[in-house]
Structure formats: C-alpha cells, structure tokens
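Chemist: Just dropping this structure here.
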Amino acid sequence: MLIHPKTHFQPYTHASGGWGSAKSVMQILWREQALIKAPVALLKQNKPDGFACVSCAWAKPGRPHALEFCENGAKATAWELTSMKTDPAFFAAHTLSELRDWPDYALEQQGRLTHPLRYDPQSDRYRETSWDEAYQAIGVQLKAMEPDSVVFYASGRASLETSFMYQLFARAYGTNNLPDSSNMCHESTSVGLQESIGVPVGTVTLDDFEHTDCLFFFGQNVGSNSPRMLHQLQDVRRRDVPIITFNPLRERGLERFVNPQSPSEMLTPESTLISTQYHQVAIGGDTAAITGIAKALLEMDDCATERGTPAVLDYDFIATHTEGFEAFTTYVRDCTWAQLEHKSGLTRGALEAAATVYASSQRVMFVYGMGLTQHRHGVANVQMLVNLMLMRGNIGKPGAGICPVRGHSNVQGQRTVGITEDPKKVPADLIERHFGFKVPAQKGLCTVDACEGILQGQVRGFIGLGGNFLRAIPDTSRMEPAWQGLELNVQVATKLNRTHLLPARNMWLLPCLGRIEIDRQKGVAQTYTTEDSTGCIHGWHGSAEPVGPQVRAEASIVAGLAMAALAPGNRIDWQAWSDDYSTVRTAIGTIYPQIFHDMETRMAEPGGFHRPIAAAQREWLTPTGKAQFITPVTLAEDDDVNLAEPARDVLQLMTLRSNDQFNTTIYGYDDRFRGVSGTREVIFMHCNDIVRLGFKVGEQVLLTTAIEPEVKRQVGPFEIIAYDIPEGCAAAYYPECNPLVPLWHHAERSKVPAAKSVPVRLSSAGG
C-alpha cells in the first residue's frame, strides 16, 4: 500500500505546460512500468489511424499535431497500459475488508484486472470464475428480478457501439433506468440548451476558433481538465483575440501556457498570456455576473440611442430569431448594481470592462464547464449565457457560439445513441419496429434517483459499465451502507476501485479491454467510434496488445449478459453484433439516420464527421421555432442551502480536481498548478478567512456541512492552505468532499449534484 510522500505547499509561478508537464509525463511512465508500451501508443493517440484518448472529450483535429496528447492524456494512457496486474493471486492475499482501508490511488495502482471474479462472502475475497458461469448466474438472477429494480449505469467511457447495445439491453430487459456520468456534470447543459436553442449540445467546432474575435470562459479549468484546448487558445491569442475569464480561483492554465511541443518555447522564458481579463467571481455568483454584463450592455445601448450611434444589441437578430427579450431586459434593468456586486463578488467596473470588450467584438464564443452546471440553478446559469449571446446574435455564425466542455471521453456520444433515462429522447417507434420489443413507457432513474432508490431499498440490482460510482456520487457516508444491501452488483472495469469493495449479496467483477488495446473478435481487429465535445464522430482502433487472454471487450460483455438475461422474442443478434462492430454501426444508422447515415464511410474521413446542429444554422428546434430568452427567477444560484440567518463562520465550498487526476481516478498526490504535493487532504481558503475564523495556515481542520444538522456529513482532517480565492469561499478536492454534498442538493430539473457550492463549517481536528 502507498505511503504518502511528505506534504508540501509552494505557490506555482510557472506557466502551464512546459517542462513541468514533460517531467510529470515521464514520472507516470516510469511509475506504471510503461516506458516501452506507452510511448509507442502515444504516437497514435487521437490520430486518425489510432485510438481516442481515454481522458477528456475535447475535439480531435483532422490535422493533428505530431504529438496530439496532453499531460493528462498521457497519464491516462500510461495508467491503462501499466505493466502491473491485479490478478487472482492478489485477491487471494487480501480480503475486501482489508482493501477498504487502502486509499483510492493505492487500489488502482495495483494494475489491470485480468480475470472474471465473483465475491465469496465466506472468505471475504474475490475468487476467479469463468465467463460462462458469470453470464449464466447473472442472467438467472436478472430474470428473477423486477426490471425497474435494476439500474444500468454507464460511465461515459464506452464506445458508441457498446453504448447503443447497452441501452437496447436495458430496454429489452424492461427498464429505462439508464443513469450515466452526464447526470453528474453536464445534464444541466442538456436541459438548458434544449429549452433555449433547441439542441442539447454546443454549437461550435474547432474551425470556429480560427474565426472568433473574443472568448469568454466560465467555470472551466482548461489547464487541468482539457489541456489540449490550450493549443487553440494559444493560436487565438497570437491573433490578439481577448479571452475573458470568470473563475473563483486563479488557475495557471487560464493565465499562461508554454507549448511542450515547441522547442523554441521550451528553450526560452517566454510564455503565452491566456486571459486578458481574469475576474474571480464568488462561488455561486455566475448568474449575477452574467446579469451584470447584460445590464452594462443595455446601458451602453441606451447611450448609443441617445447619441444616435449604432446600436450595441443586434435588434434584427433578436426580432427575427428570438422570443422573451422584453421580459428578460425588464428583469435585468430591475436588478440593481448593488445587488449584482454583492452576489457576484465583483465590482461594477469589472463587469463593465467585460461588457465593453464583448460589445466591440463581432464573433464571440462562450466556453464553460461544471462551474456553471453544478449548482441548484445550474440550468439557469447555462440559459443566462445563452441570453447574453442572443443579445448580440452570437449563435449561428462562424467564430461564435456556445461551447460546453464535456468531461469523460464519450459521455456526449453515449447520450446521442440512447443512454438516457427518458424514453421520450429515443426513437422508440424505430427501435420497436426493427428489434421487435416494446420500449418501456415509464421514465427511468437518473443518478440522483438511483441513489434515492438504493437508500429506500427499491433498487435491488446494479450493473456498472465502467466508472467508480460510489466515489463519484454525493452523500457518500449515507450511500455506502445502503449499497451493500443490493442483491446483485455487476461491475465492468479495467482496474480495482472503491465501488468494487462494498459487495452486494451477489457481486461480480468483469475485466474489460481498455480503449487502447486491440479488440479482436473472431480474429479480426475491430474499429470503434466516439463523439467529442464539438459533436464530431470519429472512428478509431486500438494499438496495444491486450493485458491478458481472459479480458473481454465491453461490447462482448454486454452481448454475453444480454443473451443470458433476455427472454427469446427480440430480433437482435447479439452474437453477430459482438463479432463484427460494423453490424452495430449499421443498426445505429437505421435508428438514428439523420446523424449516422453512411456511418461506416464517414467515420473514416479525416477529422471524422459532425452531427447536424440545427442551432448552428439558426434553425431553432424549440416549440415556437425561435431561440428563447429565459428569465431567471433568482440571483441566488443555490437558494436551497441558504441559511436562515447569515452565519459568518460558514464558508461556501466548491469541489475541484487536481492536475494529477481524471474524474475519480487519482494519478498521484501532486497538484502542480496549485503548488500542492504529497496530499489531497487540503482546503484552500482566503487568508482573511483563516485569521478571522481563528485558524492558522497549516492547521488540521474538520469540514462539516452547515445544514441539516440531524445528518452528520463530515470529512477531514484537512490542512489549511492560504490561497487566492474570494473571501467567504473555499475549495477542496473531489471526490474526497463528496460526503459533504447532500443528495437533495442538486440542480432543478437536471438533478446534477450541486457540488460547486456547499455551506461548511470548520472545526479544529484536535478537539
């Protein structure tokens, strides 16, 4: 088990990228014992003749760089191609009770799973089993269960082919319980954009970066979460395009960048300035900040009218393409500057500065992440960005549009091919006609609903297609005991994680191929597809030999489970599909012809092919056929956790990731960009808050959720670090702080856990 290195904090003053990035990549290649396999694979990462990065979903260019990967992408590849193995001998030596005391990093550091396993409660160990035994036993139990008591979860890693098969499996079984990782991050985007502009995804492509003359960033840390985007941002800045950032913390990736692939940059002290304005908005202050920019635009437009100069707003676009403008502007005008300054934590001058640049720019892109979506009013946050764009007609022209940055590599794609709990979002008539079964009419469970069902004992079975569900969800201390009451738990995984250590009555751990590995079916190497954040679909294939002969492809595992669990009667040839993925792609094109027609040919085009985005053509697939200005109901983004009385000892906590992790996967204990090494057990605070609350830098404290006192939600001890963050705000790492987030604290309508604003109190760990 890993012994943590010595904790150290020293502010990081270098640019993102550069030698720090190169050194970090070499360290993980060495640690994973992947110095031979991984470098070879990296040459094919995100290349047309190679594989899609298993890390983020950022766009893959048709003309890739010589090295089309970032630091985190290289870490993900080394992590998957590790030479270390978690085989049956490992489990013979360790009980699950023992392993539950290991940190997450130590669990995954043991290496790749190599054999199918079944939990033995007598010995408290996983025992090797056969694939046939696993399929048959799981199938027997699924047949005996009520379909709506079983959850089919997908992490966002699986290909389009596997995802399509998986959702058909669930629906043929009789349920729409298809929660996925989007429920925990960008479902607020899917709901908000659909209502506002008629599509659930962003409207920009990589080409738009070449034409834009201004970018706005809200709540998205590009340096840690999607570093390859820094190439586009660097090119934009070379054209002197302004980038205006709103983020509570100052993040190095949004400040300066050195391209590790440029010898001239690596050998000189020069770096690229990324953000030309950087506004440290208070946690939960985004709606107020966006409203402030809108208010400044209206006042500038009023002045233009008085002077007889050209209007600031695009009234022709507003009249032709939108509805709701008058109600929205009335709301904005009624908000006072005092209210907006108080809620946003920014000055009127700062908001007017951002508005001035926006008003002078003709083609503007708005880029955002979970800093907007993971709030009670996360949907409204997304819609406020759209409102701001509609004011100046910045959707549906080159260089302009909205750009949500998705997390997991195919999370957007799996939604496109039917991974959704809402049957209204899938073409049920086509599915029924072609596959011979009735799509269940009742809405299924999203992630929050599934958690509630587990707590109440209504969910009895869980199948996890990748991911670390128990680490990713909120309210961990309540969820873990309830989880062990499941009758059936099936986990398809590449490595051991925390979710696998809390067994159900019947627990199976099924090892799958990684995306980088060659997937041979009937001796033929298969091709798979994914969709990136910009709605582009690409074909890929693995380049490394599989970790072992007992590991199976995800599509093969889904087919095996479906054949064992489903009664005869549907017209799906699961075996043929798992033998030849082109037959799955033909089926996808049949069910989704508008997007996936001629998929087999188009996926091989350089750069793949883009799904049609109606809003990008100024076609609004809303009920009225127009884009909607949607007026917010409040400036308070998290009004469900507002305290009855203002409490000066309560801080608003946001969870965040380090640059040494991807989602729940921890690559190490260093967060280079924030200057932290040797630990993740820290809380970032403003120096004034540290002093006024009676603490000291370096002190160990406990964090307790400051609401619903009858339920104890606490983590720690965490070390206090003085950091550049707005007063009254604090930050600490995900998933370590998930126990602090109540399950009911989620975005309205999208039910995304509101992990970006949780009221907490601190107490000394010593008493």
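Chain lettering (A, B, ...) mirrors the order of the structure tokens, residue numbering begins at 1 for each chain separately, and ligand numbering begins at 1 in order of display.
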List every residue of stretch 483-717 of chain A that DSSP, applied to the backbone of this structure, places in helix (DSSP H, G or I), and write the result as a PyMOL selection string.

Modeler: chain A and resi 483+498-501+554-565+574-579+581-591+593-596+599-602+614-617+672-674+687-692

Chemist: Could the residues of stretch 152-220 of chain A that have an atom at most 12 Å from stretch 585-589 of chain A be listed as CSV, each with its closest atom pair and the distance in Å to one decimal, counting only C-alpha atoms and ordered by chain and ascending residue number?

Modeler:
residue,atom,partner,partner_atom,distance
A:Ser159,CA,A:Arg585,CA,11.0
A:Leu160,CA,A:Arg585,CA,8.5
A:Glu161,CA,A:Arg585,CA,6.5
A:Thr162,CA,A:Arg585,CA,10.1
A:Ser163,CA,A:Ile588,CA,10.4
A:Phe164,CA,A:Ile588,CA,7.2
A:Met165,CA,A:Ile588,CA,9.4
A:Gln167,CA,A:Ile588,CA,11.7
A:Leu168,CA,A:Ile588,CA,11.0

Chemist: Given the selection you just returned, output its residues as a file containing N, CA and C atoms, formatted as a compact mmCIF listing (two decimals), in the first residue's frame.

Modeler:
# COMPACT_ATOMS: atom_id res chain seq x y z
N SER A 159 -17.66 2.94 -26.07
CA SER A 159 -17.80 3.42 -27.44
C SER A 159 -19.27 3.61 -27.80
N LEU A 160 -19.50 4.23 -28.96
CA LEU A 160 -20.87 4.37 -29.45
C LEU A 160 -21.51 3.01 -29.67
N GLU A 161 -20.73 2.06 -30.19
CA GLU A 161 -21.28 0.73 -30.46
C GLU A 161 -21.72 0.05 -29.16
N THR A 162 -20.85 0.04 -28.16
CA THR A 162 -21.19 -0.59 -26.89
C THR A 162 -22.34 0.13 -26.21
N SER A 163 -22.34 1.45 -26.26
CA SER A 163 -23.39 2.23 -25.61
C SER A 163 -24.75 1.95 -26.25
N PHE A 164 -24.78 1.86 -27.56
CA PHE A 164 -26.02 1.54 -28.26
C PHE A 164 -26.53 0.16 -27.85
N MET A 165 -25.65 -0.82 -27.79
CA MET A 165 -26.03 -2.16 -27.37
C MET A 165 -26.54 -2.16 -25.93
N GLN A 167 -27.94 0.27 -24.09
CA GLN A 167 -29.27 0.84 -23.85
C GLN A 167 -30.36 -0.07 -24.42
N LEU A 168 -30.07 -0.76 -25.51
CA LEU A 168 -31.04 -1.72 -26.02
C LEU A 168 -31.22 -2.89 -25.06

Chemist: Ranking A:Ala22, A:Cys687, A:Val417, A:Leu465 by minimum distance to A:Val258 and counting only C-alpha atoms, which one comes first?

Modeler: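 Closest to A:Val258, using only C-alpha atoms: A:Ala22.
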
Chemist: Name the closest residue to A:Gly436 among the candidates A:Phe257, A:Ala41, A:Pro568, A:Ser757; distances are taken between atoms, counting only C-alpha atoms.

Modeler: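 For A:Gly436, the nearest of the given residues is A:Pro568.
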
Chemist: Could you tell me which of A:Gly324, A:Gly464, A:Gly457, A:Pro11 comes closest to A:Leu486 if we count only C-alpha atoms?

Modeler: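 Of A:Gly324, A:Gly464, A:Gly457, A:Pro11, the one nearest A:Leu486, counting only C-alpha atoms, is A:Gly457.
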
Chemist: Can you pull out the residues contacting stretch 706-708 of chain A? Cut-off 6 Å, using only C-alpha atoms, and skip same-chain residues under 4 positions away; I want them as a list of chain:residue names.

Modeler: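 Contacts, with the query itself left out: A:Pro759, A:Val760, A:Arg761.
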
Chemist: Could you name the residues that touch A:Lys343 at 9 Å or less, counting only C-alpha atoms, but leaving out those on the same chain fewer than 5 positions away, as a short mmCIF file (atom, residue, chain, number, x, y, z; two decimals) with N, CA, C and O atoms, in the first residue's frame?

Modeler:
data_model
loop_
_atom_site.label_atom_id
_atom_site.label_comp_id
_atom_site.auth_asym_id
_atom_site.auth_seq_id
_atom_site.Cartn_x
_atom_site.Cartn_y
_atom_site.Cartn_z
N ALA A 282 -17.37 35.22 -7.15
CA ALA A 282 -17.65 34.46 -5.93
C ALA A 282 -18.35 33.16 -6.29
O ALA A 282 -19.06 33.07 -7.29
N GLY A 284 -21.05 30.67 -6.67
CA GLY A 284 -22.49 30.91 -6.76
C GLY A 284 -22.84 32.29 -7.29
O GLY A 284 -24.01 32.68 -7.24
N GLY A 285 -21.86 33.02 -7.83
CA GLY A 285 -22.12 34.38 -8.31
C GLY A 285 -22.20 34.52 -9.81
O GLY A 285 -22.22 35.65 -10.33
N ASP A 286 -22.25 33.41 -10.54
CA ASP A 286 -22.20 33.48 -12.00
C ASP A 286 -23.43 34.15 -12.60
O ASP A 286 -23.32 34.96 -13.53
N THR A 287 -24.63 33.80 -12.11
CA THR A 287 -25.84 34.42 -12.64
C THR A 287 -25.79 35.93 -12.46
O THR A 287 -26.14 36.69 -13.37
N ALA A 288 -25.33 36.37 -11.30
CA ALA A 288 -25.24 37.80 -11.05
C ALA A 288 -24.21 38.45 -11.97
O ALA A 288 -24.43 39.55 -12.49
N ALA A 289 -23.08 37.77 -12.19
CA ALA A 289 -22.05 38.33 -13.07
C ALA A 289 -22.56 38.45 -14.50
O ALA A 289 -22.35 39.48 -15.17
N ALA A 338 -25.90 47.34 -6.88
CA ALA A 338 -25.52 46.89 -5.53
C ALA A 338 -25.82 45.41 -5.36
O ALA A 338 -24.99 44.66 -4.79
N LEU A 635 -31.16 35.53 -8.34
CA LEU A 635 -29.71 35.67 -8.48
C LEU A 635 -28.96 34.67 -7.61
O LEU A 635 -27.75 34.47 -7.79
N ALA A 636 -29.66 34.06 -6.67
CA ALA A 636 -29.03 33.09 -5.76
C ALA A 636 -28.97 31.73 -6.44
O ALA A 636 -30.01 31.09 -6.65
#

Chemist: DSSP on the backbone: which residues in stretch 120-317 of chain A end up as strand (DSSP E)? Give the answer as a ChimeraX atom specification.

Modeler: /A:120,125-128,150-154,214-218,243-246,256-258,272-273,277-279

Chemist: Residues at most 8 Å from A:Gln526, counting only C-alpha atoms, excluding those fewer than 6 positions away in the same chain, as a ChimeraX atom specification?

Modeler: /A:518-520,541,580-581

Chemist: So that I can see what lies close to stretch 418-427 of chain A, please list as a PDB file with C-alpha atoms, in the first residue's frame the residues with an atom at most 9 Å from it, counting only C-alpha atoms and leaving out residues fewer than 4 positions away in the same chain.

Modeler:
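File produced: part03.pdb:
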ATOM      1  CA  TYR A 153     -25.212   2.744 -15.243  1.00  0.00           C
ATOM      2  CA  ALA A 154     -22.714   3.948 -17.896  1.00  0.00           C
ATOM      3  CA  SER A 163     -23.393   2.235 -25.611  1.00  0.00           C
ATOM      4  CA  PHE A 164     -26.018   1.544 -28.257  1.00  0.00           C
ATOM      5  CA  TYR A 166     -26.191  -1.382 -23.644  1.00  0.00           C
ATOM      6  CA  GLN A 167     -29.270   0.842 -23.850  1.00  0.00           C
ATOM      7  CA  LEU A 168     -31.039  -1.720 -26.022  1.00  0.00           C
ATOM      8  CA  THR A 175     -36.456  -0.648 -17.886  1.00  0.00           C
ATOM      9  CA  ASN A 176     -35.302   2.866 -18.757  1.00  0.00           C
ATOM     10  CA  ASN A 177     -33.058   3.010 -15.679  1.00  0.00           C
ATOM     11  CA  LEU A 178     -30.041   4.294 -17.638  1.00  0.00           C
ATOM     12  CA  PRO A 179     -28.256   6.889 -15.494  1.00  0.00           C
ATOM     13  CA  ASP A 180     -24.832   7.976 -16.654  1.00  0.00           C
ATOM     14  CA  GLY A 413     -21.750  10.284 -27.607  1.00  0.00           C
ATOM     15  CA  GLN A 414     -23.414   7.722 -25.409  1.00  0.00           C
ATOM     16  CA  ILE A 431     -36.493   0.597 -32.014  1.00  0.00           C
ATOM     17  CA  GLU A 432     -39.745  -1.329 -31.682  1.00  0.00           C
ATOM     18  CA  VAL A 439     -39.709   0.248 -25.260  1.00  0.00           C
ATOM     19  CA  PRO A 440     -40.909   0.812 -21.665  1.00  0.00           C
ATOM     20  CA  ALA A 441     -43.031   3.940 -21.447  1.00  0.00           C
ATOM     21  CA  GLN A 442     -42.192   4.963 -17.879  1.00  0.00           C
ATOM     22  CA  LYS A 443     -39.324   7.334 -17.245  1.00  0.00           C
ATOM     23  CA  GLY A 444     -36.327   5.652 -15.657  1.00  0.00           C
ATOM     24  CA  LEU A 445     -33.972   6.696 -12.878  1.00  0.00           C
ATOM     25  CA  CYS A 446     -31.225   9.270 -13.270  1.00  0.00           C
ATOM     26  CA  ILE A 591     -32.284   4.061 -35.679  1.00  0.00           C
ATOM     27  CA  TYR A 592     -30.592   7.478 -35.971  1.00  0.00           C
TER      28      TYR A 592
END

Chemist: Would you pick out the contacts of A:Arg672 at 9 Å or less, using only C-alpha atoms, so that residues sharing its chain but fewer than 3 positions from it are not included, and give the list as JSON, numbers by chain?

Modeler: {"A": [11, 12, 20, 658, 659, 660, 675, 676, 677]}

Chemist: Would you please work out which residue, of A:Cys403, A:Val222, A:Leu390, A:Ala38, is nearest to A:Ala544 when using only C-alpha atoms?

Modeler: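 Smallest distance to A:Ala544 is found for A:Ala38.
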
Chemist: Check the smallest atom-to-atom distance from each of A:Gln194, A:Gln122, A:Ser188, A:Thr499 to A:Thr622 using only C-alpha atoms, then report the winner.

Modeler: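 The answer is A:Gln194, which sits nearest to A:Thr622.
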
Chemist: If you measure from atom CA of A:Trp58 to atom CA of A:Asn410, what distance in Å do you get, rounded to one decimal?

Modeler: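 Rounded to one decimal, the two atoms are 9.8 Å apart.
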
Chemist: For A:Lys712, which of A:Ser123, A:Thr634, A:Ser477, A:Ser578 is the closest residue, counting only C-alpha atoms?

Modeler: A:Ser477

Chemist: I'd like the interatomic distance between atom CA of A:Ala359 and atom CA of A:Arg333, to a tenth of an Å.

Modeler: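 Atom CA of A:Arg333 lies at a distance of 17.7 Å from atom CA of A:Ala359.
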
Chemist: Kindly give the distance, in Å, that separates atom CA of A:Leu142 and atom CA of A:Ala576, rounded to a single decimal.

Modeler: 22.6 Å
